[in-house]
Amino acid sequence: MAFVCLDVRSTCIFFIYIIFGCTLSSNTEIKVNPPQNFEIVDPGYLGYLHMQWQPPLALDNYEECTVEYVLKYRSVDSQRWNTIITKNLHYKDGFDLNKGVEAKVHTLLSSQCTNGSEVQSSWSEATYWKPEQGSVESKIQDMNCVYHNWQYLVCSWKPGIGEHIETNYNLFFWYEGLDRALQCVDYIKVHGKNTGCRMPYLESSDYKDFFICVNGSSKSKPIRSSYFIFQLQNIVKPLPPNTLSLTVKNSFEVNLKWNTPEGPIPARCFIYEIMFTEDNSSCMTTTVENEINIPQTSNGSQQLCFSVRSKVNIYCSDDGIWSEWSNEQCWKGDRWKKTLIFFVMPFVFVFVFVIVMMCLLFYKQKALLKMELLSKNFWSYCHKSRRYNHNYSNKANLRIKWY
């Protein structure tokens with residue numbers, strides 16, 4: 001009996017220890033400090049900013065833990081946060097410096113060393129604003145950049161509203177791989193003022209953020225800078241296709257062919273838009289091939305025409321600019337027969353009529369000559385006969401007188 005009481009007492013003590021031990025363990029909260037010295041640094045790359053921080057304090061207690069950092073950042077007017085989880089103490093990305101930037105970061109401990117649950121610190125926050133000068137109206141207007149045939153970049157703009165005559169603008173650009181921001185060396189000028197820039201060769205600039213800043217100078221007032229960010233492959237404008245051919249295969253189908261536009265763009269990167277015209281009706285279609293068969297709506301069509309333009313497709317870019325339309329290639333059906341009937345045949349008829357009349361006149365003149373010749377022969381014969389009869393009569397009279 002004593003042993004039974006002892007076992008019951010031991011069991012109760014064991015359960016009480018487990019319950020209170022778990023309660024005490026759950027009440028022991030694990031905490032971690034946020035990263036230190038979080039800041040956003042502008043190295044002068046026209047919008048390519050560095051976000052950097054230092055490890056949190058008292059991290060030595062978690063040497064066996066995997067320490068990560070959750071970074072969130074966005075432009076001030078954006079509703080969506082970009083989120084990055086990294087083990088590094090820095091991160092870089094491009095921003096539109098026309099707007100402010102805000103970011104925040106916290107420490108994250110994995111569940112392996114925190115009793116099965118992730119532990120997060122509070123946020124460390126930072127903001128960045130590019131110092132502004134000049135009014136909004138002083139900024140350039142209608143900025144437009146086109147990467148022509150994937151070979152050279154041309155950007156153009158209009159001066160700010162109400163700018164003074166001595167105001168001028170300068171363009172700077174940077175992309176990853178350059179040591180520093182570079183200034184345009186080939187400006188497009190109108191009346192001596194910079195209104196654009198040509199950048200003929202940009203080495204290893206594809207599939208990277210391309211940063212542009214256009215600022216200005218004026219003696220009368222400061223000019224506000226304008227910032228732009230894009231990727232060159234998304235603003236490519238290729239050349240139009242060439243060497244078009246149109247073949248009527250049968251009464252129901254037309255074959256259209258063209259050559260790939262000249263230049264460095266691979267053939268696999270093109271998409272084509274075809275405008276096909278059949279008599280007075282037109283239709284549009286697209287293809288990634290250099291050839292397409294299009295059905296005819298009527299087997300009695302008198303004129304078939306088509307033209308093509310090209311663009312970089314989704315396999316090589318996120319977007320692009322359509323080329324100009326190619327020269328139109330046409331096929332004319334039986335229109336030549338109508339031309340022959342209504343234009344050539346009257347001339348043929350006149351020609352034949354003239355030939356016939358000339359032949360008739362020739363034969364008539366020949367007949368007249370023949371008649372005239374016959375008449376001359378007849379009268380000559382008659383004259384000879386008369387002379388013969390006269391001579392014969394004279395001889396007869398002589399004979400009579402002789403006797």
# chains A, B, ... in the order shown; residues from 1 in each chain; ligands from 1

$ residues_around --residues "stretch 52-54 of chain A" --least-positions-apart "3" --cutoff "7 Å" --atoms "only C-alpha atoms" --output "PDB file with C-alpha atoms, in the first residue's frame"
ATOM      1  CA  PRO A  35      19.732  45.915 -37.624  1.00  0.00           C
ATOM      2  CA  GLN A  36      21.857  48.952 -36.837  1.00  0.00           C
ATOM      3  CA  ASN A  37      22.779  52.027 -38.839  1.00  0.00           C
ATOM      4  CA  PHE A  38      20.308  51.387 -41.653  1.00  0.00           C
ATOM      5  CA  GLU A  39      20.707  54.000 -44.418  1.00  0.00           C
ATOM      6  CA  ILE A  40      20.072  54.657 -48.123  1.00  0.00           C
ATOM      7  CA  LEU A  89      24.135  43.470 -45.087  1.00  0.00           C
ATOM      8  CA  HIS A  90      23.325  45.469 -48.216  1.00  0.00           C
ATOM      9  CA  TYR A  91      21.108  45.558 -51.287  1.00  0.00           C
TER      10      TYR A  91
END

$ residues_around --residues "stretch 158-172 of chain A" --least-positions-apart "2" --cutoff "6 Å" --atoms "only C-alpha atoms" --output "list in words"
Glu137, Ser138, Lys139, Ile140, Gln141, Leu182, Gln183, Cys184, Lys193, Asn194, Ile212, Cys213, Val214, Asn215, Gly216, Ser217 and Ser218 of chain A

$ write_last_selection --atoms "N, CA and C atoms" --output "compact mmCIF listing (two decimals), in the first residue's frame"
# COMPACT_ATOMS: atom_id res chain seq x y z
N GLU A 137 7.77 73.43 -63.50
CA GLU A 137 7.64 73.90 -64.88
C GLU A 137 8.97 74.02 -65.59
N SER A 138 10.07 74.12 -64.82
CA SER A 138 11.38 74.28 -65.46
C SER A 138 11.93 72.96 -65.99
N LYS A 139 11.34 71.83 -65.62
CA LYS A 139 11.80 70.52 -66.09
C LYS A 139 11.52 70.38 -67.59
N ILE A 140 12.29 69.50 -68.24
CA ILE A 140 12.04 69.23 -69.65
C ILE A 140 10.68 68.57 -69.83
N GLN A 141 10.14 68.67 -71.02
CA GLN A 141 8.83 68.11 -71.34
C GLN A 141 8.96 67.04 -72.43
N LEU A 182 28.12 59.24 -67.36
CA LEU A 182 28.73 59.90 -68.50
C LEU A 182 27.79 60.94 -69.08
N GLN A 183 28.37 62.00 -69.66
CA GLN A 183 27.57 63.03 -70.31
C GLN A 183 27.49 62.76 -71.81
N CYS A 184 26.38 63.16 -72.40
CA CYS A 184 26.19 63.03 -73.84
C CYS A 184 27.27 63.83 -74.58
N LYS A 193 20.14 75.21 -79.09
CA LYS A 193 19.78 74.65 -77.80
C LYS A 193 19.73 73.13 -77.89
N ASN A 194 20.16 72.45 -76.83
CA ASN A 194 20.13 70.99 -76.79
C ASN A 194 18.70 70.50 -76.62
N ILE A 212 18.98 57.78 -66.75
CA ILE A 212 19.21 59.05 -67.43
C ILE A 212 18.79 60.19 -66.51
N CYS A 213 19.62 61.23 -66.51
CA CYS A 213 19.27 62.48 -65.84
C CYS A 213 19.45 63.62 -66.84
N VAL A 214 18.43 64.45 -66.98
CA VAL A 214 18.53 65.65 -67.81
C VAL A 214 18.36 66.85 -66.87
N ASN A 215 19.44 67.58 -66.70
CA ASN A 215 19.37 68.79 -65.88
C ASN A 215 19.62 70.02 -66.76
N GLY A 216 19.54 71.17 -66.17
CA GLY A 216 19.67 72.39 -66.97
C GLY A 216 20.45 73.47 -66.25
N SER A 217 20.76 74.49 -67.00
CA SER A 217 21.47 75.64 -66.45
C SER A 217 20.84 76.91 -67.00
N SER A 218 20.72 77.88 -66.14
CA SER A 218 20.13 79.16 -66.53
C SER A 218 20.68 80.24 -65.59

$ atom_distance --atom1 "atom CA of A:Arg80" --atom2 "atom CA of A:Phe228"
19.9 Å

$ select_by_dssp --residues "stretch 143-355 of chain A" --states "strand (DSSP E or B)" --output "PyMOL selection string"
chain A and resi 143-148+152-158+168-176+178+182-183+187-190+193-199+209-217+226-231+236-237+242-248+253-259+270-278+281-287+291-295+303-312+329-332

$ residues_around --residues "stretch 97-109 of chain A" --least-positions-apart "5" --cutoff "9 Å" --atoms "only C-alpha atoms" --output "PyMOL selection string"
chain A and resi 32-35+38-40+46-47+51+53+55-56+62+65-77+81+114+117-130+132+225-228

$ residues_around --residues "stretch 286-295 of chain A" --least-positions-apart "3" --cutoff "7 Å" --atoms "only C-alpha atoms" --output "list in words"
Phe252, Glu253, Val254, Asn255, Leu256, Lys257, Trp258, Asn259, Thr260, Phe270, Ile271, Tyr272, Glu273 and Ile274 of chain A

$ select_by_dssp --residues "stretch 161-400 of chain A" --states "alpha helix (DSSP H)" --output "ChimeraX atom specification"
/A:335-339,345-400

$ atom_distance --atom1 "atom CA of A:Met275" --atom2 "atom CA of A:Gln302"
17.3 Å

$ residues_around --residues "A:Trp322" --least-positions-apart "6" --cutoff "6 Å" --atoms "only C-alpha atoms" --output "PyMOL selection string"
chain A and resi 237+310-311

$ atom_distance --atom1 "atom CA of A:Met199" --atom2 "atom CA of A:Thr243"
29.8 Å

$ residues_around --residues "A:Val312" --least-positions-apart "3" --cutoff "9 Å" --atoms "only C-alpha atoms" --output "PDB file with all heavy atoms, in the first residue's frame"
ATOM      1  N   GLN A 233      16.343  47.049 -74.239  1.00  0.00           N
ATOM      2  CA  GLN A 233      15.683  46.070 -75.114  1.00  0.00           C
ATOM      3  C   GLN A 233      14.171  46.278 -75.178  1.00  0.00           C
ATOM      4  O   GLN A 233      13.514  45.769 -76.089  1.00  0.00           O
ATOM      5  CB  GLN A 233      15.998  44.638 -74.662  1.00  0.00           C
ATOM      6  CG  GLN A 233      15.258  44.172 -73.429  1.00  0.00           C
ATOM      7  CD  GLN A 233      15.946  44.585 -72.148  1.00  0.00           C
ATOM      8  OE1 GLN A 233      16.990  45.226 -72.185  1.00  0.00           O
ATOM      9  NE2 GLN A 233      15.373  44.214 -71.017  1.00  0.00           N
ATOM     10  N   ASN A 234      13.635  47.063 -74.244  1.00  0.00           N
ATOM     11  CA  ASN A 234      12.184  47.308 -74.238  1.00  0.00           C
ATOM     12  C   ASN A 234      11.777  48.532 -75.045  1.00  0.00           C
ATOM     13  O   ASN A 234      10.579  48.830 -75.144  1.00  0.00           O
ATOM     14  CB  ASN A 234      11.690  47.472 -72.796  1.00  0.00           C
ATOM     15  CG  ASN A 234      11.858  46.201 -71.990  1.00  0.00           C
ATOM     16  OD1 ASN A 234      11.842  45.103 -72.539  1.00  0.00           O
ATOM     17  ND2 ASN A 234      12.017  46.343 -70.690  1.00  0.00           N
ATOM     18  N   VAL A 236      13.279  49.109 -78.279  1.00  0.00           N
ATOM     19  CA  VAL A 236      13.898  48.899 -79.587  1.00  0.00           C
ATOM     20  C   VAL A 236      12.876  49.150 -80.687  1.00  0.00           C
ATOM     21  O   VAL A 236      11.738  48.656 -80.637  1.00  0.00           O
ATOM     22  CB  VAL A 236      14.458  47.467 -79.707  1.00  0.00           C
ATOM     23  CG1 VAL A 236      14.919  47.191 -81.139  1.00  0.00           C
ATOM     24  CG2 VAL A 236      15.605  47.267 -78.740  1.00  0.00           C
ATOM     25  N   LYS A 237      13.285  49.908 -81.700  1.00  0.00           N
ATOM     26  CA  LYS A 237      12.482  50.104 -82.910  1.00  0.00           C
ATOM     27  C   LYS A 237      13.279  49.552 -84.093  1.00  0.00           C
ATOM     28  O   LYS A 237      14.239  50.171 -84.541  1.00  0.00           O
ATOM     29  CB  LYS A 237      12.167  51.584 -83.133  1.00  0.00           C
ATOM     30  CG  LYS A 237      11.280  51.826 -84.356  1.00  0.00           C
ATOM     31  CD  LYS A 237      10.954  53.303 -84.528  1.00  0.00           C
ATOM     32  CE  LYS A 237      10.052  53.522 -85.735  1.00  0.00           C
ATOM     33  NZ  LYS A 237       9.691  54.948 -85.917  1.00  0.00           N
ATOM     34  N   PRO A 238      12.894  48.374 -84.610  1.00  0.00           N
ATOM     35  CA  PRO A 238      13.675  47.775 -85.701  1.00  0.00           C
ATOM     36  C   PRO A 238      13.362  48.415 -87.047  1.00  0.00           C
ATOM     37  O   PRO A 238      12.451  49.252 -87.167  1.00  0.00           O
ATOM     38  CB  PRO A 238      13.229  46.309 -85.675  1.00  0.00           C
ATOM     39  CG  PRO A 238      11.852  46.351 -85.097  1.00  0.00           C
ATOM     40  CD  PRO A 238      11.810  47.521 -84.157  1.00  0.00           C
ATOM     41  N   ILE A 265      19.580  42.304 -84.728  1.00  0.00           N
ATOM     42  CA  ILE A 265      18.510  41.624 -84.002  1.00  0.00           C
ATOM     43  C   ILE A 265      18.353  40.209 -84.551  1.00  0.00           C
ATOM     44  O   ILE A 265      18.159  40.022 -85.756  1.00  0.00           O
ATOM     45  CB  ILE A 265      17.185  42.393 -84.124  1.00  0.00           C
ATOM     46  CG1 ILE A 265      17.371  43.843 -83.674  1.00  0.00           C
ATOM     47  CG2 ILE A 265      16.093  41.727 -83.305  1.00  0.00           C
ATOM     48  CD1 ILE A 265      16.146  44.717 -83.881  1.00  0.00           C
ATOM     49  N   CYS A 269      13.800  36.871 -82.632  1.00  0.00           N
ATOM     50  CA  CYS A 269      13.303  37.927 -81.749  1.00  0.00           C
ATOM     51  C   CYS A 269      12.209  38.782 -82.392  1.00  0.00           C
ATOM     52  O   CYS A 269      11.752  39.745 -81.771  1.00  0.00           O
ATOM     53  CB  CYS A 269      14.446  38.832 -81.305  1.00  0.00           C
ATOM     54  SG  CYS A 269      15.579  38.060 -80.125  1.00  0.00           S
ATOM     55  N   PHE A 270      11.779  38.464 -83.608  1.00  0.00           N
ATOM     56  CA  PHE A 270      10.825  39.324 -84.302  1.00  0.00           C
ATOM     57  C   PHE A 270       9.399  38.799 -84.209  1.00  0.00           C
ATOM     58  O   PHE A 270       9.159  37.588 -84.196  1.00  0.00           O
ATOM     59  CB  PHE A 270      11.191  39.447 -85.784  1.00  0.00           C
ATOM     60  CG  PHE A 270      12.324  40.389 -86.057  1.00  0.00           C
ATOM     61  CD1 PHE A 270      13.564  39.904 -86.433  1.00  0.00           C
ATOM     62  CD2 PHE A 270      12.157  41.759 -85.938  1.00  0.00           C
ATOM     63  CE1 PHE A 270      14.616  40.763 -86.695  1.00  0.00           C
ATOM     64  CE2 PHE A 270      13.200  42.629 -86.192  1.00  0.00           C
ATOM     65  CZ  PHE A 270      14.432  42.128 -86.569  1.00  0.00           C
ATOM     66  N   ILE A 271       8.485  39.728 -84.168  1.00  0.00           N
ATOM     67  CA  ILE A 271       7.083  39.470 -84.445  1.00  0.00           C
ATOM     68  C   ILE A 271       6.669  40.438 -85.541  1.00  0.00           C
ATOM     69  O   ILE A 271       7.167  41.569 -85.599  1.00  0.00           O
ATOM     70  CB  ILE A 271       6.194  39.635 -83.192  1.00  0.00           C
ATOM     71  CG1 ILE A 271       4.742  39.261 -83.518  1.00  0.00           C
ATOM     72  CG2 ILE A 271       6.266  41.049 -82.635  1.00  0.00           C
ATOM     73  CD1 ILE A 271       3.842  39.227 -82.298  1.00  0.00           C
ATOM     74  N   TYR A 272       5.805  39.979 -86.445  1.00  0.00           N
ATOM     75  CA  TYR A 272       5.424  40.779 -87.604  1.00  0.00           C
ATOM     76  C   TYR A 272       3.916  41.032 -87.598  1.00  0.00           C
ATOM     77  O   TYR A 272       3.131  40.163 -87.209  1.00  0.00           O
ATOM     78  CB  TYR A 272       5.798  40.067 -88.905  1.00  0.00           C
ATOM     79  CG  TYR A 272       7.264  39.737 -89.017  1.00  0.00           C
ATOM     80  CD1 TYR A 272       7.746  38.469 -88.704  1.00  0.00           C
ATOM     81  CD2 TYR A 272       8.187  40.706 -89.416  1.00  0.00           C
ATOM     82  CE1 TYR A 272       9.091  38.161 -88.802  1.00  0.00           C
ATOM     83  CE2 TYR A 272       9.539  40.404 -89.514  1.00  0.00           C
ATOM     84  CZ  TYR A 272       9.979  39.131 -89.207  1.00  0.00           C
ATOM     85  OH  TYR A 272      11.318  38.831 -89.305  1.00  0.00           O
ATOM     86  N   TYR A 315       9.788  37.106 -76.392  1.00  0.00           N
ATOM     87  CA  TYR A 315      10.863  36.188 -76.022  1.00  0.00           C
ATOM     88  C   TYR A 315      12.200  36.917 -75.852  1.00  0.00           C
ATOM     89  O   TYR A 315      13.146  36.346 -75.292  1.00  0.00           O
ATOM     90  CB  TYR A 315      11.002  35.090 -77.078  1.00  0.00           C
ATOM     91  CG  TYR A 315       9.736  34.298 -77.278  1.00  0.00           C
ATOM     92  CD1 TYR A 315       8.965  34.460 -78.414  1.00  0.00           C
ATOM     93  CD2 TYR A 315       9.296  33.402 -76.308  1.00  0.00           C
ATOM     94  CE1 TYR A 315       7.787  33.738 -78.591  1.00  0.00           C
ATOM     95  CE2 TYR A 315       8.124  32.685 -76.470  1.00  0.00           C
ATOM     96  CZ  TYR A 315       7.374  32.856 -77.622  1.00  0.00           C
ATOM     97  OH  TYR A 315       6.215  32.155 -77.787  1.00  0.00           O
ATOM     98  N   CYS A 316      12.281  38.147 -76.329  1.00  0.00           N
ATOM     99  CA  CYS A 316      13.540  38.909 -76.238  1.00  0.00           C
ATOM    100  C   CYS A 316      13.380  40.229 -75.501  1.00  0.00           C
ATOM    101  O   CYS A 316      14.381  40.907 -75.244  1.00  0.00           O
ATOM    102  CB  CYS A 316      14.090  39.171 -77.643  1.00  0.00           C
ATOM    103  SG  CYS A 316      14.500  37.663 -78.562  1.00  0.00           S
ATOM    104  N   SER A 317      12.161  40.635 -75.176  1.00  0.00           N
ATOM    105  CA  SER A 317      11.947  41.887 -74.445  1.00  0.00           C
ATOM    106  C   SER A 317      10.553  41.870 -73.832  1.00  0.00           C
ATOM    107  O   SER A 317       9.698  41.059 -74.205  1.00  0.00           O
ATOM    108  CB  SER A 317      12.089  43.099 -75.377  1.00  0.00           C
ATOM    109  OG  SER A 317      11.013  43.145 -76.292  1.00  0.00           O
ATOM    110  N   ASP A 318      10.341  42.772 -72.892  1.00  0.00           N
ATOM    111  CA  ASP A 318       9.015  42.917 -72.290  1.00  0.00           C
ATOM    112  C   ASP A 318       8.100  43.785 -73.134  1.00  0.00           C
ATOM    113  O   ASP A 318       6.881  43.712 -73.008  1.00  0.00           O
ATOM    114  CB  ASP A 318       9.132  43.527 -70.888  1.00  0.00           C
ATOM    115  CG  ASP A 318       9.884  42.614 -69.937  1.00  0.00           C
ATOM    116  OD1 ASP A 318       9.805  41.383 -70.118  1.00  0.00           O
ATOM    117  OD2 ASP A 318      10.568  43.116 -69.026  1.00  0.00           O
ATOM    118  N   ASP A 319       8.689  44.613 -73.950  1.00  0.00           N
ATOM    119  CA  ASP A 319       7.909  45.535 -74.776  1.00  0.00           C
ATOM    120  C   ASP A 319       8.769  45.930 -75.962  1.00  0.00           C
ATOM    121  O   ASP A 319       9.907  45.476 -76.102  1.00  0.00           O
ATOM    122  CB  ASP A 319       7.486  46.759 -73.961  1.00  0.00           C
ATOM    123  CG  ASP A 319       6.289  47.479 -74.567  1.00  0.00           C
ATOM    124  OD1 ASP A 319       5.848  47.074 -75.662  1.00  0.00           O
ATOM    125  OD2 ASP A 319       5.812  48.453 -73.968  1.00  0.00           O
ATOM    126  N   GLY A 320       8.249  46.774 -76.822  1.00  0.00           N
ATOM    127  CA  GLY A 320       9.000  47.228 -77.983  1.00  0.00           C
ATOM    128  C   GLY A 320       8.212  48.263 -78.755  1.00  0.00           C
ATOM    129  O   GLY A 320       7.083  48.615 -78.393  1.00  0.00           O
ATOM    130  N   ILE A 321       8.819  48.768 -79.826  1.00  0.00           N
ATOM    131  CA  ILE A 321       8.200  49.791 -80.661  1.00  0.00           C
ATOM    132  C   ILE A 321       8.092  49.235 -82.072  1.00  0.00           C
ATOM    133  O   ILE A 321       9.065  48.702 -82.617  1.00  0.00           O
ATOM    134  CB  ILE A 321       9.032  51.086 -80.658  1.00  0.00           C
ATOM    135  CG1 ILE A 321       9.190  51.610 -79.224  1.00  0.00           C
ATOM    136  CG2 ILE A 321       8.393  52.156 -81.550  1.00  0.00           C
ATOM    137  CD1 ILE A 321      10.155  52.769 -79.106  1.00  0.00           C
ATOM    138  N   TRP A 322       6.930  49.361 -82.682  1.00  0.00           N
ATOM    139  CA  TRP A 322       6.745  48.876 -84.048  1.00  0.00           C
ATOM    140  C   TRP A 322       7.595  49.688 -85.021  1.00  0.00           C
ATOM    141  O   TRP A 322       7.744  50.902 -84.876  1.00  0.00           O
ATOM    142  CB  TRP A 322       5.279  48.976 -84.463  1.00  0.00           C
ATOM    143  CG  TRP A 322       4.400  47.916 -83.873  1.00  0.00           C
ATOM    144  CD1 TRP A 322       3.470  48.077 -82.892  1.00  0.00           C
ATOM    145  CD2 TRP A 322       4.350  46.526 -84.237  1.00  0.00           C
ATOM    146  NE1 TRP A 322       2.853  46.887 -82.610  1.00  0.00           N
ATOM    147  CE2 TRP A 322       3.371  45.915 -83.425  1.00  0.00           C
ATOM    148  CE3 TRP A 322       5.044  45.742 -85.156  1.00  0.00           C
ATOM    149  CZ2 TRP A 322       3.074  44.560 -83.514  1.00  0.00           C
ATOM    150  CZ3 TRP A 322       4.742  44.390 -85.247  1.00  0.00           C
ATOM    151  CH2 TRP A 322       3.775  43.806 -84.438  1.00  0.00           C
TER     152      TRP A 322
END
